[in-house]
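Notes follow once the structure below has been shown.
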Amino acid sequence: MSPTLSLTCTSLSFAWPDGTPVFDDLDAVFGPGRTGLVGVNGSGKSTLLKLIAGELTPSDGAVRATGEIGHLPQNVTLDTALRVDEVLGIAERRAALHAIEAGDAAPAHFETLGDDWDVEERALATLGELGLGHLGLDRTVGEVSGGEGVLLRLAALLLRRPDVLLLDEPTNNLDLYARRRLYAAVTSWPGMLVVVSHDRELLELVDQIADLRAGEITWYGGNFSAYEECLAVEQEAAERTVRAAEADFRKQKRELVDAQVKLARRKRYGQKMWDQKREPKIVMGARKRAAQESAGKHRIMHEERLAEARERLDEAVEAVRDDDEIRVDLPHTAVPPGRDVLTLHRLTTVYGARVEGLLDVRGPERIALIGPNGAGKTTLLRTIAGELQPVSGEATVHVPLRFLPQRLDVLDGELSVAENVARFAPAATNNRIRARLARFLFRGARADQKAGTLSGGERFRAALAALMLAEPAPQLLVLDEPTNNLDMASVRQLRTALESYEGALLVAGHDLPFLESIGITRWLLLEEGELRETTPDKIAEAS
């Protein structure tokens, strides 16, 4: 890795066409090594990568980079008619190589190929490292899965060998096995790398964290664990500062009130002396003017002190992060131990996933459903939820169930958050709905915001609220890839919400740290069409 590699953003400003500002005079310098770019949803992480990659034009400022930049966007779309070698950007060199090998010595072929005589071997090796060796170079993109498409775009970047690699949520839509291959590619990357991700395992591989917040970047050395430790120390100090500023503010308020009382007493005493005319008029007039001047200075001094204390308090409060956690009681979701929740008997789904014999879920079990992309996890969940009919066998649910799909299409974008919840709890009063939504961090006017205008994290939280507050209360909650597209704060909020949930839980996902954090009690692996019990240790070994 060249120590001279650098990426500099100078006075960078950008706003969307409707005038919404994203950055205003942002300065940032990314050094060599691997940088994790973190921040809440909507903070501008993806926008910053697009500005660096030249896909967006800043309204002011500039981006300077030493060397070539490669960018893997969050939403990868590929023309299904393209061949793999075309996606990799080697189709022309490959054609020239084949022509030369066939005896065509035209100078144009040598010019196209250059010195890249091992282009095919390098391409196949790169595909193999990412677990795509089975694709070959002549397959069309229409034959690859969404996760394979992401890895294919990454393979194209790795073959280009840019000096600076920008990755935006690269593990979204990747199964556990594909994630492991991506982690290996990131670890071995020799150039500069900037990655936006909510994947904790990936962020543990970086050398530094860039925290994008309120249009500014704060730098932290080390990986995500080191960042969290540093942040905890900072927040503890910030909260101490708030407490001290609050005490000072209260003290200044008391002193201002005391001063006002004393001045009022003096004023009453002076008025009494004036009324009783105990001293010459000229003396009393001079004394009154002096008292008024002194009182005015005294009042101004205390008001200035109070204003300064208020300003210090406001600054201290701003330094404390407002990453609220969901706290909600859901006693009606409780499932007694031993109660039948779900029975799968000789089940075969429409895409061939099958359950041999009998599989029972009883009591408040917390089950993780894992497996490669395309194994049929979503199909199995939709079959359990009653959205798809099984080809054979039975999927019997014995308790109220709610299903949260990846698409979050349980929400009506034209309705407000409160109206969406009301659809699931028609008997609940408006006040009851709003009181419960406040616990999901939708307070006041935010509950009246249309679902279609919410950010990704807010939309997920609204969908989760609608299902968990539904009537009857869900005693089996089914979640499909719930952490996809969520920032770290939203993942924490989801985790705390699920801590309050007392029913049975079935979660399909690839994020092992998250699954372990929510207290999974049972692991199911769906692979090659068969559902079977497994353990986290076996999963780690297999991947």
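Following the order of the structure tokens, chains are lettered A, B, ..., residues in each are numbered from 1, and ligands are numbered from 1.
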
(message) Give me, as a PyMOL selection string, the residues of range 344-538 of chain A that a backbone DSSP run labels strand (DSSP E).
(response) chain A and resi 344-348+354-362+366-370+392-397+401-404+476-480+504-508+522-527+530-534

With range 148-151 of chain A as the partner and 9 Å as the cut-off, tabulate the residues of range 29-88 of chain A that qualify, each row holding the nearest pair of atoms and their distance in Å to one decimal, using only C-alpha atoms, sorted by chain and rising number, as JSON lines.
{"residue": "A:Leu72", "atom": "CA", "partner": "A:Val150", "partner_atom": "CA", "distance": 8.2}
{"residue": "A:Gln74", "atom": "CA", "partner": "A:Val150", "partner_atom": "CA", "distance": 8.9}
{"residue": "A:Asn75", "atom": "CA", "partner": "A:Val150", "partner_atom": "CA", "distance": 8.6}
{"residue": "A:Val76", "atom": "CA", "partner": "A:Val150", "partner_atom": "CA", "distance": 6.2}
{"residue": "A:Thr77", "atom": "CA", "partner": "A:Gly149", "partner_atom": "CA", "distance": 7.9}
{"residue": "A:Leu78", "atom": "CA", "partner": "A:Gly149", "partner_atom": "CA", "distance": 7.3}

Produce a table with one row for each residue of range 365-413 of chain A that has an atom at most 9 Å from any atom of range 507-514 of chain A, each row naming the nearest atom pair and its distance in Å at one decimal; use only C-alpha atoms; arrange rows by chain and rising residue number; format as CSV.
residue,atom,partner,partner_atom,distance
A:Arg366,CA,A:Val507,CA,8.0
A:Ile367,CA,A:Val507,CA,6.3
A:Ala368,CA,A:Val507,CA,5.0
A:Leu369,CA,A:Ala508,CA,4.5
A:Ile370,CA,A:Gly509,CA,5.8
A:Gly371,CA,A:His510,CA,7.8
A:Pro372,CA,A:His510,CA,8.8
A:Lys377,CA,A:Ala508,CA,6.9
A:Thr378,CA,A:Ala508,CA,7.7
A:Leu381,CA,A:Ala508,CA,8.2

Those same residues, written as a short mmCIF file (atom, residue, chain, number, x, y, z; two decimals), in the first residue's frame with all heavy atoms?
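File out_14.cif, as written:
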data_model
loop_
_atom_site.label_atom_id
_atom_site.label_comp_id
_atom_site.auth_asym_id
_atom_site.auth_seq_id
_atom_site.Cartn_x
_atom_site.Cartn_y
_atom_site.Cartn_z
N ARG A 366 -36.71 -18.29 20.50
CA ARG A 366 -36.17 -17.29 19.57
C ARG A 366 -35.31 -18.05 18.56
O ARG A 366 -34.25 -18.57 18.89
CB ARG A 366 -35.35 -16.24 20.32
CG ARG A 366 -36.22 -15.43 21.25
CD ARG A 366 -35.57 -14.18 21.77
NE ARG A 366 -36.61 -13.29 22.28
CZ ARG A 366 -36.56 -11.98 22.28
NH1 ARG A 366 -35.49 -11.38 21.79
NH2 ARG A 366 -37.55 -11.25 22.75
N ILE A 367 -35.81 -18.10 17.33
CA ILE A 367 -35.22 -18.98 16.31
C ILE A 367 -34.60 -18.15 15.19
O ILE A 367 -35.21 -17.22 14.68
CB ILE A 367 -36.30 -19.92 15.73
CG1 ILE A 367 -36.87 -20.80 16.85
CG2 ILE A 367 -35.72 -20.78 14.62
CD1 ILE A 367 -38.05 -21.63 16.41
N ALA A 368 -33.36 -18.49 14.83
CA ALA A 368 -32.69 -17.87 13.69
C ALA A 368 -32.77 -18.82 12.51
O ALA A 368 -32.47 -20.02 12.64
CB ALA A 368 -31.24 -17.56 14.03
N LEU A 369 -33.17 -18.30 11.36
CA LEU A 369 -33.22 -19.07 10.12
C LEU A 369 -32.11 -18.53 9.22
O LEU A 369 -32.15 -17.37 8.80
CB LEU A 369 -34.58 -18.92 9.44
CG LEU A 369 -34.74 -19.60 8.07
CD1 LEU A 369 -34.56 -21.10 8.17
CD2 LEU A 369 -36.09 -19.25 7.45
N ILE A 370 -31.12 -19.36 8.94
CA ILE A 370 -29.99 -18.93 8.12
C ILE A 370 -29.85 -19.86 6.93
O ILE A 370 -30.48 -20.93 6.87
CB ILE A 370 -28.68 -18.89 8.93
CG1 ILE A 370 -28.37 -20.29 9.47
CG2 ILE A 370 -28.76 -17.89 10.07
CD1 ILE A 370 -27.00 -20.40 10.07
N GLY A 371 -29.00 -19.44 5.98
CA GLY A 371 -28.76 -20.26 4.79
C GLY A 371 -28.32 -19.38 3.64
O GLY A 371 -28.47 -18.16 3.68
N PRO A 372 -27.77 -19.99 2.59
CA PRO A 372 -27.29 -19.21 1.44
C PRO A 372 -28.42 -18.46 0.75
O PRO A 372 -29.60 -18.82 0.88
CB PRO A 372 -26.70 -20.29 0.51
CG PRO A 372 -26.59 -21.53 1.32
CD PRO A 372 -27.61 -21.43 2.40
N LYS A 377 -35.35 -19.12 2.03
CA LYS A 377 -35.73 -18.67 3.38
C LYS A 377 -36.97 -17.78 3.34
O LYS A 377 -37.91 -17.96 4.11
CB LYS A 377 -34.56 -17.92 4.03
CG LYS A 377 -33.31 -18.74 4.23
CD LYS A 377 -32.24 -18.01 4.98
CE LYS A 377 -31.76 -16.77 4.25
NZ LYS A 377 -31.12 -17.05 2.96
N THR A 378 -36.97 -16.80 2.43
CA THR A 378 -38.12 -15.89 2.33
C THR A 378 -39.38 -16.65 1.94
O THR A 378 -40.47 -16.40 2.47
CB THR A 378 -37.82 -14.77 1.31
OG1 THR A 378 -36.74 -13.97 1.80
CG2 THR A 378 -39.04 -13.88 1.11
N LEU A 381 -40.71 -18.38 5.00
CA LEU A 381 -41.36 -17.44 5.91
C LEU A 381 -42.74 -17.03 5.38
O LEU A 381 -43.69 -16.91 6.14
CB LEU A 381 -40.49 -16.20 6.13
CG LEU A 381 -39.13 -16.40 6.81
CD1 LEU A 381 -38.49 -15.06 7.13
CD2 LEU A 381 -39.27 -17.24 8.08
#

(message) Need the shell around range 210-212 of chain A: protein/DNA/RNA residues with any atom at most 7 Å away, counting only C-alpha atoms. Skip same-chain ones fewer than 5 positions apart. Format as an NGL selection string?
(response) :A and (35-39 or 43 or 217-220)

(request) Give me, please, the distance in Å between CA of Glu308 in chain A and CA of Ala244 in chain A, quoted to one decimal. (result) 13.5 Å

(message) Using only C-alpha atoms, which protein or nucleic acid residues come within 8 Å of range 165-176 of chain A? Drop anything in the same chain fewer than 4 positions from it, and give the result as a ChimeraX atom specification.
(response) /A:46,49,53,69-74,146-148,150,157,180,182,191-199,371-373,484-485,509-511,543

Can you write out the residues you just picked, keeping N, CA and C atoms, as an mmCIF file, in the first residue's frame?
data_model
loop_
_atom_site.group_PDB
_atom_site.id
_atom_site.type_symbol
_atom_site.label_atom_id
_atom_site.label_comp_id
_atom_site.auth_asym_id
_atom_site.auth_seq_id
_atom_site.Cartn_x
_atom_site.Cartn_y
_atom_site.Cartn_z
ATOM 1 N N SER A 46 -23.881 7.921 1.708
ATOM 2 C CA SER A 46 -23.893 7.499 0.300
ATOM 3 C C SER A 46 -23.675 8.688 -0.624
ATOM 4 N N LEU A 49 -19.966 9.454 -0.806
ATOM 5 C CA LEU A 49 -19.233 8.529 -1.680
ATOM 6 C C LEU A 49 -19.475 8.867 -3.150
ATOM 7 N N ALA A 53 -16.727 9.887 -5.873
ATOM 8 C CA ALA A 53 -16.594 9.085 -7.102
ATOM 9 C C ALA A 53 -16.864 9.902 -8.355
ATOM 10 N N ILE A 69 -10.260 6.019 -8.767
ATOM 11 C CA ILE A 69 -11.280 5.698 -7.769
ATOM 12 C C ILE A 69 -12.242 4.657 -8.340
ATOM 13 N N GLY A 70 -12.550 3.635 -7.546
ATOM 14 C CA GLY A 70 -13.561 2.637 -7.903
ATOM 15 C C GLY A 70 -14.687 2.675 -6.887
ATOM 16 N N HIS A 71 -15.935 2.614 -7.344
ATOM 17 C CA HIS A 71 -17.095 2.787 -6.458
ATOM 18 C C HIS A 71 -18.082 1.634 -6.625
ATOM 19 N N LEU A 72 -18.412 0.971 -5.516
ATOM 20 C CA LEU A 72 -19.469 -0.044 -5.504
ATOM 21 C C LEU A 72 -20.684 0.571 -4.829
ATOM 22 N N PRO A 73 -21.731 0.935 -5.578
ATOM 23 C CA PRO A 73 -22.888 1.604 -4.977
ATOM 24 C C PRO A 73 -23.729 0.649 -4.148
ATOM 25 N N GLN A 74 -24.628 1.238 -3.356
ATOM 26 C CA GLN A 74 -25.473 0.433 -2.478
ATOM 27 C C GLN A 74 -26.465 -0.402 -3.278
ATOM 28 N N GLY A 146 -29.136 -11.846 -6.767
ATOM 29 C CA GLY A 146 -28.831 -10.478 -6.372
ATOM 30 C C GLY A 146 -27.524 -10.368 -5.627
ATOM 31 N N GLY A 147 -27.279 -11.296 -4.705
ATOM 32 C CA GLY A 147 -26.029 -11.296 -3.962
ATOM 33 C C GLY A 147 -24.840 -11.538 -4.855
ATOM 34 N N GLU A 148 -24.997 -12.450 -5.834
ATOM 35 C CA GLU A 148 -23.908 -12.713 -6.776
ATOM 36 C C GLU A 148 -23.644 -11.496 -7.645
ATOM 37 N N VAL A 150 -23.847 -8.370 -6.689
ATOM 38 C CA VAL A 150 -23.013 -7.462 -5.888
ATOM 39 C C VAL A 150 -21.551 -7.909 -5.946
ATOM 40 N N LEU A 157 -14.308 -4.383 -9.943
ATOM 41 C CA LEU A 157 -13.465 -3.358 -9.326
ATOM 42 C C LEU A 157 -12.099 -3.929 -8.944
ATOM 43 N N ARG A 180 -18.339 -13.681 4.206
ATOM 44 C CA ARG A 180 -17.009 -14.108 4.611
ATOM 45 C C ARG A 180 -15.998 -13.859 3.480
ATOM 46 N N LEU A 182 -16.285 -11.572 1.138
ATOM 47 C CA LEU A 182 -16.077 -10.130 1.027
ATOM 48 C C LEU A 182 -15.144 -9.635 2.123
ATOM 49 N N GLY A 191 -4.861 -1.162 -1.402
ATOM 50 C CA GLY A 191 -4.947 0.287 -1.557
ATOM 51 C C GLY A 191 -5.753 0.949 -0.453
ATOM 52 N N MET A 192 -6.219 2.166 -0.733
ATOM 53 C CA MET A 192 -7.067 2.881 0.210
ATOM 54 C C MET A 192 -8.508 2.398 0.041
ATOM 55 N N LEU A 193 -9.216 2.260 1.155
ATOM 56 C CA LEU A 193 -10.594 1.776 1.110
ATOM 57 C C LEU A 193 -11.460 2.592 2.064
ATOM 58 N N VAL A 194 -12.619 3.016 1.580
ATOM 59 C CA VAL A 194 -13.615 3.687 2.422
ATOM 60 C C VAL A 194 -14.903 2.881 2.299
ATOM 61 N N VAL A 195 -15.415 2.395 3.427
ATOM 62 C CA VAL A 195 -16.601 1.543 3.388
ATOM 63 C C VAL A 195 -17.694 2.114 4.283
ATOM 64 N N VAL A 196 -18.886 2.239 3.715
ATOM 65 C CA VAL A 196 -20.088 2.584 4.472
ATOM 66 C C VAL A 196 -20.798 1.275 4.782
ATOM 67 N N SER A 197 -21.077 1.024 6.054
ATOM 68 C CA SER A 197 -21.703 -0.245 6.400
ATOM 69 C C SER A 197 -22.347 -0.183 7.777
ATOM 70 N N HIS A 198 -23.370 -1.025 7.969
ATOM 71 C CA HIS A 198 -23.931 -1.254 9.305
ATOM 72 C C HIS A 198 -23.511 -2.637 9.810
ATOM 73 N N ASP A 199 -22.674 -3.320 9.025
ATOM 74 C CA ASP A 199 -22.230 -4.676 9.347
ATOM 75 C C ASP A 199 -21.071 -4.585 10.334
ATOM 76 N N GLY A 371 -28.996 -19.440 5.978
ATOM 77 C CA GLY A 371 -28.764 -20.256 4.790
ATOM 78 C C GLY A 371 -28.322 -19.384 3.638
ATOM 79 N N PRO A 372 -27.774 -19.990 2.590
ATOM 80 C CA PRO A 372 -27.287 -19.213 1.442
ATOM 81 C C PRO A 372 -28.418 -18.463 0.753
ATOM 82 N N ASN A 373 -28.038 -17.387 0.022
ATOM 83 C CA ASN A 373 -29.025 -16.708 -0.815
ATOM 84 C C ASN A 373 -29.610 -17.703 -1.816
ATOM 85 N N ASN A 484 -31.102 -5.276 7.239
ATOM 86 C CA ASN A 484 -30.690 -4.737 5.947
ATOM 87 C C ASN A 484 -31.036 -3.262 5.869
ATOM 88 N N ASN A 485 -30.083 -2.432 5.439
ATOM 89 C CA ASN A 485 -30.281 -0.995 5.229
ATOM 90 C C ASN A 485 -30.505 -0.195 6.506
ATOM 91 N N GLY A 509 -31.805 -14.191 8.712
ATOM 92 C CA GLY A 509 -30.759 -13.180 8.579
ATOM 93 C C GLY A 509 -29.387 -13.778 8.396
ATOM 94 N N HIS A 510 -28.431 -12.879 8.070
ATOM 95 C CA HIS A 510 -27.037 -13.274 7.886
ATOM 96 C C HIS A 510 -26.123 -12.570 8.885
ATOM 97 N N ASP A 511 -26.694 -11.667 9.689
ATOM 98 C CA ASP A 511 -25.905 -10.850 10.615
ATOM 99 C C ASP A 511 -25.758 -11.595 11.942
ATOM 100 N N SER A 543 -18.656 -21.498 7.192
ATOM 101 C CA SER A 543 -18.469 -20.289 6.403
ATOM 102 C C SER A 543 -17.013 -19.871 6.324
#

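For the choices A:Gly222, A:Gly142, A:Gly103, A:Pro162, the atom-to-atom distance to Ala65 in chain A is smallest for A:Pro162 when using only C-alpha atoms.
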
(message) Quick one: residues within 6 Å of range 10-26 of chain A, only C-alpha atoms, excluding same-chain residues fewer than 2 positions away - as a PyMOL selection string?
(response) chain A and resi 58-62+215

(message) Show me, as number ranges by chain, the residues that have an atom within 9 Å of range 470-475 of chain A when counting only C-alpha atoms, minus same-chain residues fewer than 4 positions from it.
(response) A: 330-335, 341, 364, 399-402, 421-428, 465-466, 501-505

(request) List the neighbours of Glu458 in chain A out to 12 Å using only C-alpha atoms; skip same-chain residues closer than 4 positions along the sequence, and give me the result as a ChimeraX atom specification. (result) /A:40-42,408,411,417,440-442,446-447,449-454,462-465,485-487,489-491,493-494
